[in-house]
Amino acid sequence: MSEEADPREAEFARRARALLEDSAGSLSARTRSRLTQARYAALEQYTAASTASARAAWQRWLPAGAVSAAVLAALLMQGGPMSLPVQMQANVPAATSGDDLELLADRDALELAQDALAPDQSAPGASAGTGADVDYEFYAWAVGAAQDDADNGVGT
Amino acid sequence: MNAFATLLPGATSFLPLRNTALQESTQQETRSMESFLAGVERKAFRIAQIALRHEDDALDAVQEAMLRLVRNYARRPAAEWPPLFYRILENCVRDAQRRRAVRARVMSWIPWKGADDEEMADPLEQAPDPAPLPPAQAQADETLQALEAALAALPARQRQAFLLRNFEGFDVAATAQAMGCSEGSVKTHYFRALQTLRAQLVEYWT
């Protein structure tokens, strides 16, 4: 009690506190019993409220959880990631994650892999044989050259 | 399908686990609240009794304060409970005083209201104790009664500041929080209460 600058005030405060504490410690049995009942009543209300709120929370979230689980289950039963469209499946590289790590670790291998995936467009006939983008001009030229050679008797 | 089969047991076991955790958390909170209320109830009762000068009204005020604390602030950190509880208790004491004043005003309008309507006092409680108290005890009782009377006569804010600081042992900050005022006001109220009480009890404590 820093407010009690006067020692007589401090002594008075100490005595008053001692008296009040004694009186609080010597309450009658009836009063103590009523206080205990009041405490239990408050705690009972608290327990009941906590249980009710927990149950209400479950009842509130259960339908949403059930719907989420059903959607997830439906997705999984359809086949999951294996049910990708055919075009996407064609683009999925066959390399495993281990191969990917090796490529990333080795810079030369990475450059080679990039070259393989993006071929040089300037090389004549570089993309020949890939199906969709066949270089027809090259084949036309090759056939024409072969016919010219045959007509000129080259190689005979 | 296999993935769903592995997911399902996890989902079903989640419900009881969550329920158990909730129950444990609730039990722990209940235990700490019980411990707090048990530690504070006697002093709270004495504070209410000094203000109301009536045992049953004081018990009602303490019970109401406990219920309100549990209902509204049980989820708050336990360190905040003491000032909150005493703030609620003071409000309950004020409500009881207001109700009493209204009742007294209403009763004063009723002409046939007499002593018959007063609550009958327990004759056993009214009977004098045949065993005389030791002189020291008798003097302590007399001093306590004088102190209670002097405290009850103080302005409410001074009484509250004195009891929270001196009896409950709150520091200035917690007292200010419980009283809803500044720390400077607490110091002023406490100082004035101390001066008044000393002046009134000088004949008991020389």
# chains A, B, ... in the order shown; residues from 1 in each chain; ligands from 1
>>> closest_atom_pairs(of="chain B", to="chain A", cutoff="8 Å", atoms="only C-alpha atoms", output="Markdown table")
| residue | atom | partner | partner_atom | distance |
| --- | --- | --- | --- | --- |
| B:Met1 | CA | A:Met77 | CA | 5.2 |
| B:Ala3 | CA | A:Leu76 | CA | 6.8 |
| B:Phe4 | CA | A:Ala73 | CA | 5.9 |
| B:Leu22 | CA | A:Ala54 | CA | 7.4 |
| B:Gln23 | CA | A:Thr51 | CA | 7.9 |
| B:Thr26 | CA | A:Ser50 | CA | 6.7 |
| B:Thr30 | CA | A:Leu43 | CA | 6.7 |
| B:Met33 | CA | A:Leu43 | CA | 7.6 |
| B:Glu34 | CA | A:Leu43 | CA | 6.9 |
| B:Leu37 | CA | A:Arg39 | CA | 6.6 |
| B:Ala38 | CA | A:Arg39 | CA | 7.3 |
| B:Glu41 | CA | A:Leu35 | CA | 6.7 |
| B:Arg42 | CA | A:Ala24 | CA | 5.6 |
| B:Lys43 | CA | A:Ala24 | CA | 5.9 |
| B:Arg46 | CA | A:Ala24 | CA | 6.3 |
| B:Leu59 | CA | A:Leu35 | CA | 7.0 |
| B:Val62 | CA | A:Ala38 | CA | 7.8 |
| B:Gln63 | CA | A:Ala38 | CA | 5.0 |
| B:Met66 | CA | A:Ala42 | CA | 6.0 |
| B:Leu67 | CA | A:Ala42 | CA | 4.8 |
| B:Val70 | CA | A:Tyr46 | CA | 6.0 |
| B:Arg71 | CA | A:Tyr46 | CA | 6.6 |
| B:Ala74 | CA | A:Tyr46 | CA | 7.9 |
| B:Ala140 | CA | A:Leu19 | CA | 7.6 |
| B:Leu144 | CA | A:Leu19 | CA | 6.4 |
| B:Leu147 | CA | A:Ala16 | CA | 7.6 |
| B:Arg165 | CA | A:Met1 | CA | 7.8 |
| B:Asn166 | CA | A:Arg17 | CA | 6.0 |
| B:Phe167 | CA | A:Arg17 | CA | 5.3 |
| B:Lys187 | CA | A:Glu3 | CA | 6.8 |
| B:Tyr190 | CA | A:Glu3 | CA | 7.9 |
| B:Phe191 | CA | A:Glu3 | CA | 6.8 |
| B:Leu194 | CA | A:Glu9 | CA | 7.3 |
| B:Arg198 | CA | A:Phe12 | CA | 7.0 |
| B:Trp205 | CA | A:Phe12 | CA | 7.7 |
>>> write_last_selection(atoms="N, CA and C atoms", output="CSV table (one decimal), in the first residue's frame")
chain,number,residue,atom,x,y,z
B,1,MET,N,-11.8,-46.3,-54.9
B,1,MET,CA,-12.6,-46.8,-53.8
B,1,MET,C,-11.7,-47.1,-52.6
B,3,ALA,N,-9.1,-45.5,-51.8
B,3,ALA,CA,-8.8,-44.2,-51.1
B,3,ALA,C,-9.9,-43.8,-50.2
B,4,PHE,N,-11.2,-44.1,-50.6
B,4,PHE,CA,-12.3,-43.7,-49.8
B,4,PHE,C,-12.4,-44.6,-48.6
B,22,LEU,N,-13.2,-31.6,-26.4
B,22,LEU,CA,-14.1,-30.5,-25.9
B,22,LEU,C,-14.4,-30.8,-24.4
B,23,GLN,N,-14.7,-32.0,-24.1
B,23,GLN,CA,-15.1,-32.3,-22.7
B,23,GLN,C,-13.9,-32.0,-21.8
B,26,THR,N,-13.6,-28.3,-21.4
B,26,THR,CA,-14.7,-27.8,-20.5
B,26,THR,C,-14.4,-28.1,-19.1
B,30,THR,N,-13.9,-25.5,-16.1
B,30,THR,CA,-14.8,-25.6,-14.9
B,30,THR,C,-14.0,-25.7,-13.6
B,33,MET,N,-12.5,-22.3,-12.9
B,33,MET,CA,-13.5,-21.3,-12.5
B,33,MET,C,-14.0,-21.7,-11.0
B,34,GLU,N,-14.1,-23.0,-10.7
B,34,GLU,CA,-14.5,-23.3,-9.4
B,34,GLU,C,-13.4,-22.9,-8.4
B,37,LEU,N,-13.8,-19.1,-7.9
B,37,LEU,CA,-15.0,-18.7,-7.1
B,37,LEU,C,-14.8,-19.2,-5.6
B,38,ALA,N,-14.2,-20.3,-5.4
B,38,ALA,CA,-14.1,-20.8,-4.0
B,38,ALA,C,-13.1,-19.9,-3.3
B,41,GLU,N,-15.1,-16.2,-2.7
B,41,GLU,CA,-16.5,-16.1,-2.3
B,41,GLU,C,-16.7,-15.5,-0.9
B,42,ARG,N,-15.8,-15.8,0.0
B,42,ARG,CA,-16.0,-15.3,1.4
B,42,ARG,C,-15.7,-13.8,1.5
B,43,LYS,N,-14.6,-13.4,0.9
B,43,LYS,CA,-14.4,-11.9,0.9
B,43,LYS,C,-15.5,-11.2,0.1
B,46,ARG,N,-18.4,-10.8,2.4
B,46,ARG,CA,-18.2,-9.8,3.4
B,46,ARG,C,-18.3,-8.4,2.8
B,59,LEU,N,-25.8,-12.5,0.2
B,59,LEU,CA,-25.7,-13.8,-0.4
B,59,LEU,C,-26.3,-13.8,-1.8
B,62,VAL,N,-23.9,-12.0,-4.1
B,62,VAL,CA,-22.7,-12.9,-4.5
B,62,VAL,C,-23.1,-13.9,-5.5
B,63,GLN,N,-24.3,-14.6,-5.3
B,63,GLN,CA,-24.7,-15.6,-6.2
B,63,GLN,C,-25.0,-15.0,-7.6
B,66,MET,N,-21.7,-14.3,-9.3
B,66,MET,CA,-21.1,-15.6,-9.8
B,66,MET,C,-21.7,-16.0,-11.1
B,67,LEU,N,-23.1,-16.0,-11.1
B,67,LEU,CA,-23.8,-16.4,-12.3
B,67,LEU,C,-23.5,-15.5,-13.5
B,70,VAL,N,-19.9,-16.2,-14.8
B,70,VAL,CA,-19.8,-17.5,-15.5
B,70,VAL,C,-20.5,-17.4,-16.8
B,71,ARG,N,-21.7,-16.7,-16.8
B,71,ARG,CA,-22.5,-16.6,-18.1
B,71,ARG,C,-21.7,-15.8,-19.1
B,74,ALA,N,-16.7,-16.4,-18.7
B,74,ALA,CA,-16.0,-17.6,-18.4
B,74,ALA,C,-14.9,-17.9,-19.4
B,140,ALA,N,-12.5,-7.1,20.0
B,140,ALA,CA,-12.3,-7.3,18.5
B,140,ALA,C,-13.7,-7.2,17.8
B,144,LEU,N,-14.8,-4.5,15.2
B,144,LEU,CA,-15.2,-4.9,13.8
B,144,LEU,C,-16.6,-4.3,13.5
B,147,LEU,N,-16.0,-0.7,12.6
B,147,LEU,CA,-15.3,-0.6,11.3
B,147,LEU,C,-16.4,-0.8,10.2
B,165,ARG,N,-8.6,-2.5,-2.2
B,165,ARG,CA,-7.1,-2.4,-2.0
B,165,ARG,C,-6.7,-3.0,-0.7
B,166,ASN,N,-7.4,-2.8,0.3
B,166,ASN,CA,-7.0,-3.2,1.6
B,166,ASN,C,-7.4,-4.7,1.9
B,167,PHE,N,-8.6,-5.0,1.7
B,167,PHE,CA,-9.2,-6.3,2.1
B,167,PHE,C,-8.9,-7.4,1.0
B,187,LYS,N,-6.4,6.1,-6.1
B,187,LYS,CA,-5.6,6.6,-5.0
B,187,LYS,C,-6.3,7.7,-4.2
B,190,TYR,N,-9.1,6.0,-2.1
B,190,TYR,CA,-8.5,5.2,-1.0
B,190,TYR,C,-8.0,6.1,0.1
B,191,PHE,N,-7.3,7.2,-0.3
B,191,PHE,CA,-6.7,8.1,0.7
B,191,PHE,C,-7.8,8.7,1.6
B,194,LEU,N,-9.3,6.2,4.0
B,194,LEU,CA,-8.4,5.9,5.1
B,194,LEU,C,-8.5,7.0,6.1
B,198,ARG,N,-9.9,6.3,9.9
B,198,ARG,CA,-9.0,6.6,11.0
B,198,ARG,C,-9.7,7.6,12.0
B,205,TRP,N,-8.7,2.3,18.2
B,205,TRP,CA,-7.3,2.0,17.9
B,205,TRP,C,-6.5,3.2,18.3
>>> closest_residue(among="B:Ala44, B:Val93, B:Ala78, B:Leu69", to="Asp57 in chain B", atoms="only C-alpha atoms")
B:Val93
>>> closest_residue(among="B:Pro82, B:Gln200, B:Phe45, B:Leu89", to="Ala149 in chain B", atoms="only C-alpha atoms")
B:Gln200
>>> atom_distance(atom1="CA of Ala65 in chain B", atom2="CA of Phe162 in chain B")
19.9 Å
>>> residues_around(residues="Tyr204 in chain B", least_positions_apart="5", cutoff="9 Å", atoms="only C-alpha atoms", output="tab-separated table (two decimals) with N, CA and C atoms, in the first residue's frame")
chain	number	residue	atom	x	y	z
B	139	GLN	N	-13.69	-7.21	22.52
B	139	GLN	CA	-13.20	-5.92	22.00
B	139	GLN	C	-13.01	-5.97	20.49
B	142	GLU	N	-16.35	-5.70	18.87
B	142	GLU	CA	-16.84	-4.32	18.94
B	142	GLU	C	-16.14	-3.44	17.90
B	143	THR	N	-14.83	-3.65	17.78
B	143	THR	CA	-14.06	-2.87	16.80
B	143	THR	C	-14.52	-3.20	15.37
B	146	ALA	N	-17.74	-1.50	14.65
B	146	ALA	CA	-17.51	-0.07	14.40
B	146	ALA	C	-16.90	0.14	13.02
>>> atom_distance(atom1="CA of Ala153 in chain B", atom2="CA of Arg100 in chain B")
16.8 Å
>>> atom_distance(atom1="CA of Leu164 in chain B", atom2="CA of Arg53 in chain B")
17.7 Å
>>> select_by_dssp(residues="range 50-173 of chain B", states="alpha helix (DSSP H)", output="MDAnalysis selection string")
chainID B and resid 50:52 55:73 81:109 123:126 135:153 156:162 172:173
